[in-house]
Every structure is written in C-alpha cells, then in structure tokens.
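Data from work29.txt: compact mmCIF, C-alpha atoms and all ligand atoms
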```txt
# COMPACT_ATOMS: atom_id res chain seq x y z
CA MET A 2 204.04 107.46 46.11
CA THR A 3 200.67 106.61 44.55
CA ASP A 4 199.94 107.22 40.87
CA ASP A 5 197.58 110.01 41.87
CA ALA A 6 200.25 111.76 43.87
CA ILE A 7 202.71 111.49 40.99
CA ILE A 8 200.18 112.93 38.54
CA ARG A 9 199.29 115.72 40.95
CA GLN A 10 202.93 116.53 41.51
CA ALA A 11 203.68 116.50 37.78
CA HIS A 12 200.92 118.96 37.01
CA GLY A 13 200.97 120.99 40.18
CA GLU A 14 197.33 120.30 40.90
CA ASN A 15 194.65 117.66 40.84
CA PRO A 16 194.19 116.57 37.19
CA ILE A 17 190.42 116.74 37.54
CA ALA A 18 190.63 120.38 38.66
CA ALA A 19 193.05 121.06 35.79
CA LEU A 20 190.62 119.46 33.34
CA ARG A 21 187.70 121.56 34.60
CA LYS A 22 189.81 124.69 34.08
CA ALA A 23 190.82 123.59 30.57
CA HIS A 24 187.19 122.85 29.69
CA ASN A 25 186.17 126.33 30.84
CA GLU A 26 188.84 127.85 28.61
CA GLN A 27 187.61 125.79 25.67
CA LEU A 28 184.04 126.91 26.33
CA LEU A 29 185.17 130.55 26.32
CA LEU A 30 186.80 129.94 22.95
CA CYS A 31 183.52 128.40 21.72
CA ASP A 32 181.76 131.62 22.81
CA ARG A 33 184.31 133.68 20.81
CA LEU A 34 183.70 131.47 17.75
CA GLU A 35 179.94 131.89 18.13
CA GLU A 36 180.38 135.68 18.24
CA ILE A 37 182.38 135.48 15.02
CA ALA A 38 179.68 133.31 13.38
CA ASP A 39 177.01 135.80 14.49
CA SER A 40 179.03 138.71 13.09
CA LEU A 41 179.08 137.28 9.54
CA PRO A 42 179.03 138.72 6.98
CA ASP A 43 179.10 142.45 7.67
CA SER A 44 180.29 142.99 11.25
CA VAL A 45 183.39 140.81 11.36
CA ASN A 46 186.08 141.97 13.78
CA ARG A 47 189.24 140.88 11.98
CA GLN A 48 191.40 141.13 15.10
CA LYS A 49 189.11 138.70 16.96
CA CYS A 50 189.37 136.27 14.05
CA LEU A 51 193.15 136.47 14.20
CA TYR A 52 193.23 135.81 17.97
CA ALA A 53 190.87 132.85 17.56
CA ALA A 54 192.92 131.48 14.64
CA ARG A 55 196.09 131.60 16.74
CA ALA A 56 194.54 130.15 19.91
CA LEU A 57 192.47 127.36 18.40
CA GLY A 58 194.96 124.67 17.33
CA PRO A 59 197.40 124.90 20.26
CA MET A 60 194.60 124.97 22.84
CA ILE A 61 192.73 122.02 21.38
CA ARG A 62 195.86 119.90 21.01
CA SER A 63 197.17 120.60 24.51
CA VAL A 64 193.85 119.82 26.20
CA HIS A 65 193.49 116.61 24.21
CA ARG A 66 197.02 115.43 25.05
CA PHE A 67 196.40 116.14 28.75
CA GLU A 68 193.11 114.24 28.69
CA GLU A 69 194.52 111.28 26.79
CA ASP A 70 197.87 111.05 28.62
CA VAL A 71 196.74 111.82 32.17
CA VAL A 72 192.99 111.84 32.74
CA PHE A 73 191.80 108.93 30.59
CA PRO A 74 194.36 106.41 31.97
CA MET A 75 193.45 107.49 35.51
CA ILE A 76 189.72 107.04 34.84
CA ALA A 77 190.34 103.70 33.09
CA THR A 78 192.22 102.40 36.13
CA ARG A 79 189.63 103.58 38.60
CA LEU A 80 186.68 102.27 36.62
CA GLU A 81 188.27 98.98 35.54
CA GLY A 82 185.14 97.03 36.48
CA ASP A 83 182.96 99.09 34.16
CA GLY A 84 182.74 97.05 30.94
CA LYS A 85 181.94 100.09 28.81
CA ILE A 86 184.73 102.37 29.95
CA GLN A 87 187.21 101.48 27.19
CA ALA A 88 184.59 101.90 24.46
CA THR A 89 183.60 105.28 25.88
CA LEU A 90 187.20 106.48 26.12
CA ASN A 91 187.87 105.28 22.57
CA ARG A 92 184.89 107.26 21.34
CA LEU A 93 186.17 110.38 23.12
CA ARG A 94 189.64 109.87 21.57
CA PHE A 95 188.02 109.58 18.14
CA GLU A 96 186.11 112.83 18.72
CA HIS A 97 189.40 114.50 19.70
CA CYS A 98 190.92 113.35 16.45
CA GLU A 99 187.97 114.68 14.43
CA ASP A 100 188.05 118.01 16.27
CA GLU A 101 191.80 118.40 15.65
CA CYS A 102 191.33 117.83 11.92
CA PHE A 103 188.38 120.18 11.84
CA SER A 104 190.30 122.83 13.82
CA GLU A 105 193.00 122.93 11.11
CA GLU A 106 190.41 123.80 8.45
CA LEU A 107 188.78 126.28 10.77
CA THR A 108 192.11 127.96 11.52
CA GLU A 109 192.61 128.55 7.79
CA ALA A 110 189.09 129.95 7.45
CA LEU A 111 189.65 132.28 10.43
CA HIS A 112 192.92 133.51 8.93
CA ALA A 113 191.09 134.24 5.67
CA LEU A 114 188.47 136.25 7.60
CA ALA A 115 191.24 138.05 9.49
CA ASP A 116 192.91 138.94 6.19
CA GLY A 117 189.66 140.36 4.85
CA SER A 118 190.03 138.14 1.80
CA ASP A 119 187.32 138.42 -0.87
CA ASP A 120 187.56 134.70 -1.54
CA VAL A 121 185.89 133.69 1.72
CA ASN A 122 182.75 131.64 1.31
CA ILE A 123 180.75 133.26 4.12
CA GLU A 124 178.00 130.67 4.21
CA ALA A 125 180.43 127.75 4.37
CA THR A 126 182.54 129.49 7.02
CA GLY A 127 179.49 130.17 9.20
CA TYR A 128 178.41 126.57 8.84
CA MET A 129 181.89 125.35 9.72
CA LEU A 130 182.14 127.59 12.79
CA ARG A 131 178.75 126.48 14.12
CA GLY A 132 179.46 122.81 13.46
CA PHE A 133 182.72 123.09 15.36
CA PHE A 134 181.62 124.90 18.50
CA GLU A 135 178.39 122.91 18.78
CA ALA A 136 180.28 119.60 18.59
CA MET A 137 182.85 120.85 21.08
CA ARG A 138 180.21 121.96 23.59
CA ARG A 139 178.49 118.57 23.34
CA HIS A 140 181.81 116.76 23.82
CA ILE A 141 182.70 118.84 26.88
CA ALA A 142 179.21 118.43 28.38
CA PHE A 143 179.55 114.66 28.02
CA GLU A 144 183.04 114.61 29.54
CA ASN A 145 181.87 116.75 32.45
CA GLU A 146 178.94 114.48 33.13
CA PHE A 147 180.64 111.17 32.51
CA LEU A 148 184.27 111.55 33.54
CA LEU A 149 184.10 114.20 36.19
CA SER A 150 181.02 113.06 38.05
CA LYS A 151 182.06 109.38 37.93
CA GLU A 152 185.46 110.41 39.16
CA ALA A 153 183.84 112.14 42.12
CA LEU A 154 181.74 109.05 42.89
CA VAL A 155 184.75 106.76 42.77
CA ALA A 156 186.71 109.08 45.02
CA ALA A 157 183.82 109.00 47.50
CA ASP A 158 183.74 105.18 47.38
CA THR A 159 187.48 104.98 47.95
CA SER A 160 187.30 107.17 51.03
CA ARG A 161 184.54 104.95 52.49
CA LEU A 162 186.79 101.92 52.02
CA ALA A 163 189.75 103.57 53.72
CA PRO A 164 190.88 102.02 57.06
CA GLY A 165 188.93 103.28 60.02
CA HIS A 166 185.71 103.90 58.03
FE FE B 1 187.90 115.68 25.44
```
Can the structure in the file be given as structure tokens, please?
Amino acid sequence: MTDDAIIRQAHGENPIAALRKAHNEQLLLCDRLEEIADSLPDSVNRQKCLYAARALGPMIRSVHRFEEDVVFPMIATRLEGDGKIQATLNRLRFEHCEDECFSEELTEALHALADGSDDVNIEATGYMLRGFFEAMRRHIAFENEFLLSKEALVAADTSRLAPGH
C-alpha cells in the first residue's frame, strides 16, 4: 500500500480534501470573531463569545496537528526537489505555534467578555481579536495557494508519468 493510500485510509478521505474542509471551518470561526470585534463595546452577544471561547483552542490545535503530522510530510516528500520547501514548512509551523499561543490569550479574553466582566479592556480585546483573525486568514490563504495548488500540480505530473501515458 502506498503512503497516500495509508493516509487516506487513516483519515477516511483524501488529506487535501480534509484540509480544505478544516480551513473552511477555521474561516467561519474567523468570521464569528470578526462579528464579535464589530459588536464591541455595546452590542456584545455573550453566548457567541462563550461558543467562540470553547471552539477556538481545540479547533486550532487539531487542524495544526493534522497539517503537521499528515499534510506537511506528504508535501515535503512530493516536493523534495524544491529547495525552499523545508524553509516554507518551517515558517508555517512557526506561525502555527504563534497562533496557538495567541489563541490561549484570546480564549481568556472571550471568556471575560462572555462573563460580562467589568475588567475587560475593550480596546485591547478588539485589537487582539482583529490581529488574530487577520493573521489566520493570511496564513490560510497562503496555505491554500502554496500547498493545495502545488499539490494539485504534482498530482497532475504524477499521472502524466504513469505507465501508458
Ligand atoms: Fe496551517
């Protein structure tokens, strides 16, 4: 069985399709965070803050582990000849690490909003929310362009090299 088949079997679907789905879920969460930022300071829906606080950390960590354990090694193998691939993947791993740290702070801030605490620094929280979802959208846009489109190109090349073509 090829590595691809093992990965597909382990996850029940093509990892690239799974990554696209995970990215879409992350982008929806970014939209929720933007709504919260826009609602500051007077129209905050505390329930939405609570949902976002609970979803944020687990979602970010599980997508990152999937990317780093499954997708990145697959891309690294397929694009071995590309001298920049390791540097690019290392940069993406570093961004994951930053986002995970940031998401812990943001989770606390969202819980404070959900609690209706008077101690919340609204300006700092708005700034934090915007910094987070803007960085995450940029990261996902890059991964979509770089990993997913290259992946498609490599798959196309492989099929041209297959016997009989
Ligand atoms: Fe990522």
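Distance-wise, atom CA of Thr108 of chain A and atom CA of Arg62 of chain A end up 13.0 Å apart.
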Inset, instruction - Return as a PyMOL selection string every polymer residue, whether protein, DNA or RNA, with at least one atom no more than 10 Å from an atom of ligand FE 1 (chain B); count only C-alpha atoms and all ligand atoms. - result: chain A and resi 20+23-24+61+64-69+72-73+90+92-98+100+137+140-145+148
All residues 12 Å or closer to Arg131 of chain A, only C-alpha atoms, same chain fewer than 5 positions away omitted, as a PDB file with C-alpha atoms, keeping the file's coordinate frame:
```pdb
ATOM      1  CA  CYS A  31     183.520 128.400  21.720  1.00  0.00           C
ATOM      2  CA  ASP A  32     181.760 131.620  22.810  1.00  0.00           C
ATOM      3  CA  ARG A  33     184.310 133.680  20.810  1.00  0.00           C
ATOM      4  CA  LEU A  34     183.700 131.470  17.750  1.00  0.00           C
ATOM      5  CA  GLU A  35     179.940 131.890  18.130  1.00  0.00           C
ATOM      6  CA  GLU A  36     180.380 135.680  18.240  1.00  0.00           C
ATOM      7  CA  ILE A  37     182.380 135.480  15.020  1.00  0.00           C
ATOM      8  CA  ALA A  38     179.680 133.310  13.380  1.00  0.00           C
ATOM      9  CA  ASP A  39     177.010 135.800  14.490  1.00  0.00           C
ATOM     10  CA  LEU A  41     179.080 137.280   9.540  1.00  0.00           C
ATOM     11  CA  PHE A 103     188.380 120.180  11.840  1.00  0.00           C
ATOM     12  CA  LEU A 107     188.780 126.280  10.770  1.00  0.00           C
ATOM     13  CA  GLU A 124     178.000 130.670   4.210  1.00  0.00           C
ATOM     14  CA  ALA A 125     180.430 127.750   4.370  1.00  0.00           C
ATOM     15  CA  THR A 126     182.540 129.490   7.020  1.00  0.00           C
ATOM     16  CA  ALA A 136     180.280 119.600  18.590  1.00  0.00           C
ATOM     17  CA  MET A 137     182.850 120.850  21.080  1.00  0.00           C
ATOM     18  CA  ARG A 138     180.210 121.960  23.590  1.00  0.00           C
TER      19      ARG A 138
END
```
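In terms of minimum interatomic distance to Gln27 of chain A, A:Ala56 ranks closest within A:Ala56, A:Ala110, A:Leu51, A:Val45, counting only C-alpha atoms.
Here atom CA of Leu30 of chain A and atom CA of Met75 of chain A stand 26.6 Å from one another.
Of the residues under consideration (A:Glu14, A:Gln48, A:Tyr128, A:Ile86), A:Ile86 shows the shortest atom-to-atom contact distance to Phe147 of chain A when counting all atoms listed in the file.
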Legend entry - Distance in Å - atom CA of Glu26 of chain A versus atom CA of Gly58 of chain A: 13.2 Å
Is there a way to complete segment 101-127 of chain A with N, CA and C atoms and then write that out as a JSON list (two decimals), in the frame of the given file?
```json
[["chain", "number", "residue", "atom", "x", "y", "z"],
["A", 101, "GLU", "N", 190.48, 117.86, 16.02],
["A", 101, "GLU", "CA", 191.80, 118.40, 15.65],
["A", 101, "GLU", "C", 191.89, 118.63, 14.15],
["A", 102, "CYS", "N", 191.35, 117.67, 13.38],
["A", 102, "CYS", "CA", 191.33, 117.83, 11.92],
["A", 102, "CYS", "C", 190.49, 119.05, 11.54],
["A", 103, "PHE", "N", 189.32, 119.11, 12.12],
["A", 103, "PHE", "CA", 188.38, 120.18, 11.84],
["A", 103, "PHE", "C", 189.00, 121.53, 12.23],
["A", 104, "SER", "N", 189.74, 121.56, 13.35],
["A", 104, "SER", "CA", 190.30, 122.83, 13.82],
["A", 104, "SER", "C", 191.35, 123.37, 12.84],
["A", 105, "GLU", "N", 192.02, 122.46, 12.10],
["A", 105, "GLU", "CA", 193.00, 122.93, 11.11],
["A", 105, "GLU", "C", 192.30, 123.68, 9.98],
["A", 106, "GLU", "N", 191.19, 123.12, 9.50],
["A", 106, "GLU", "CA", 190.41, 123.80, 8.45],
["A", 106, "GLU", "C", 189.87, 125.12, 8.96],
["A", 107, "LEU", "N", 189.38, 125.07, 10.20],
["A", 107, "LEU", "CA", 188.78, 126.28, 10.77],
["A", 107, "LEU", "C", 189.83, 127.38, 10.97],
["A", 108, "THR", "N", 191.03, 126.99, 11.35],
["A", 108, "THR", "CA", 192.11, 127.96, 11.52],
["A", 108, "THR", "C", 192.38, 128.69, 10.20],
["A", 109, "GLU", "N", 192.40, 127.92, 9.11],
["A", 109, "GLU", "CA", 192.61, 128.55, 7.79],
["A", 109, "GLU", "C", 191.48, 129.51, 7.46],
["A", 110, "ALA", "N", 190.25, 129.10, 7.74],
["A", 110, "ALA", "CA", 189.09, 129.95, 7.45],
["A", 110, "ALA", "C", 189.14, 131.24, 8.29],
["A", 111, "LEU", "N", 189.56, 131.10, 9.56],
["A", 111, "LEU", "CA", 189.65, 132.28, 10.43],
["A", 111, "LEU", "C", 190.74, 133.24, 9.95],
["A", 112, "HIS", "N", 191.85, 132.67, 9.48],
["A", 112, "HIS", "CA", 192.92, 133.51, 8.93],
["A", 112, "HIS", "C", 192.41, 134.26, 7.69],
["A", 113, "ALA", "N", 191.62, 133.58, 6.87],
["A", 113, "ALA", "CA", 191.09, 134.24, 5.67],
["A", 113, "ALA", "C", 190.15, 135.39, 6.07],
["A", 114, "LEU", "N", 189.34, 135.16, 7.11],
["A", 114, "LEU", "CA", 188.47, 136.25, 7.60],
["A", 114, "LEU", "C", 189.31, 137.40, 8.15],
["A", 115, "ALA", "N", 190.37, 137.03, 8.90],
["A", 115, "ALA", "CA", 191.24, 138.05, 9.49],
["A", 115, "ALA", "C", 191.93, 138.88, 8.41],
["A", 116, "ASP", "N", 192.24, 138.24, 7.30],
["A", 116, "ASP", "CA", 192.91, 138.94, 6.19],
["A", 116, "ASP", "C", 191.95, 139.81, 5.39],
["A", 117, "GLY", "N", 190.65, 139.61, 5.62],
["A", 117, "GLY", "CA", 189.66, 140.36, 4.85],
["A", 117, "GLY", "C", 189.62, 139.92, 3.39],
["A", 118, "SER", "N", 189.99, 138.66, 3.17],
["A", 118, "SER", "CA", 190.03, 138.14, 1.80],
["A", 118, "SER", "C", 188.64, 138.12, 1.15],
["A", 119, "ASP", "N", 188.60, 138.44, -0.15],
["A", 119, "ASP", "CA", 187.32, 138.42, -0.87],
["A", 119, "ASP", "C", 186.90, 137.00, -1.24],
["A", 120, "ASP", "N", 187.85, 136.07, -1.11],
["A", 120, "ASP", "CA", 187.56, 134.70, -1.54],
["A", 120, "ASP", "C", 186.77, 133.89, -0.51],
["A", 121, "VAL", "N", 186.53, 134.48, 0.66],
["A", 121, "VAL", "CA", 185.89, 133.69, 1.72],
["A", 121, "VAL", "C", 184.46, 133.35, 1.35],
["A", 122, "ASN", "N", 184.13, 132.07, 1.48],
["A", 122, "ASN", "CA", 182.75, 131.64, 1.31],
["A", 122, "ASN", "C", 182.07, 131.81, 2.67],
["A", 123, "ILE", "N", 181.31, 132.89, 2.81],
["A", 123, "ILE", "CA", 180.75, 133.26, 4.12],
["A", 123, "ILE", "C", 179.80, 132.19, 4.64],
["A", 124, "GLU", "N", 178.98, 131.66, 3.75],
["A", 124, "GLU", "CA", 178.00, 130.67, 4.21],
["A", 124, "GLU", "C", 178.70, 129.41, 4.73],
["A", 125, "ALA", "N", 179.70, 128.96, 3.97],
["A", 125, "ALA", "CA", 180.43, 127.75, 4.37],
["A", 125, "ALA", "C", 181.21, 127.99, 5.66],
["A", 126, "THR", "N", 181.77, 129.18, 5.81],
["A", 126, "THR", "CA", 182.54, 129.49, 7.02],
["A", 126, "THR", "C", 181.63, 129.52, 8.25],
["A", 127, "GLY", "N", 180.45, 130.13, 8.09],
["A", 127, "GLY", "CA", 179.49, 130.17, 9.20],
["A", 127, "GLY", "C", 179.06, 128.76, 9.59]]
```
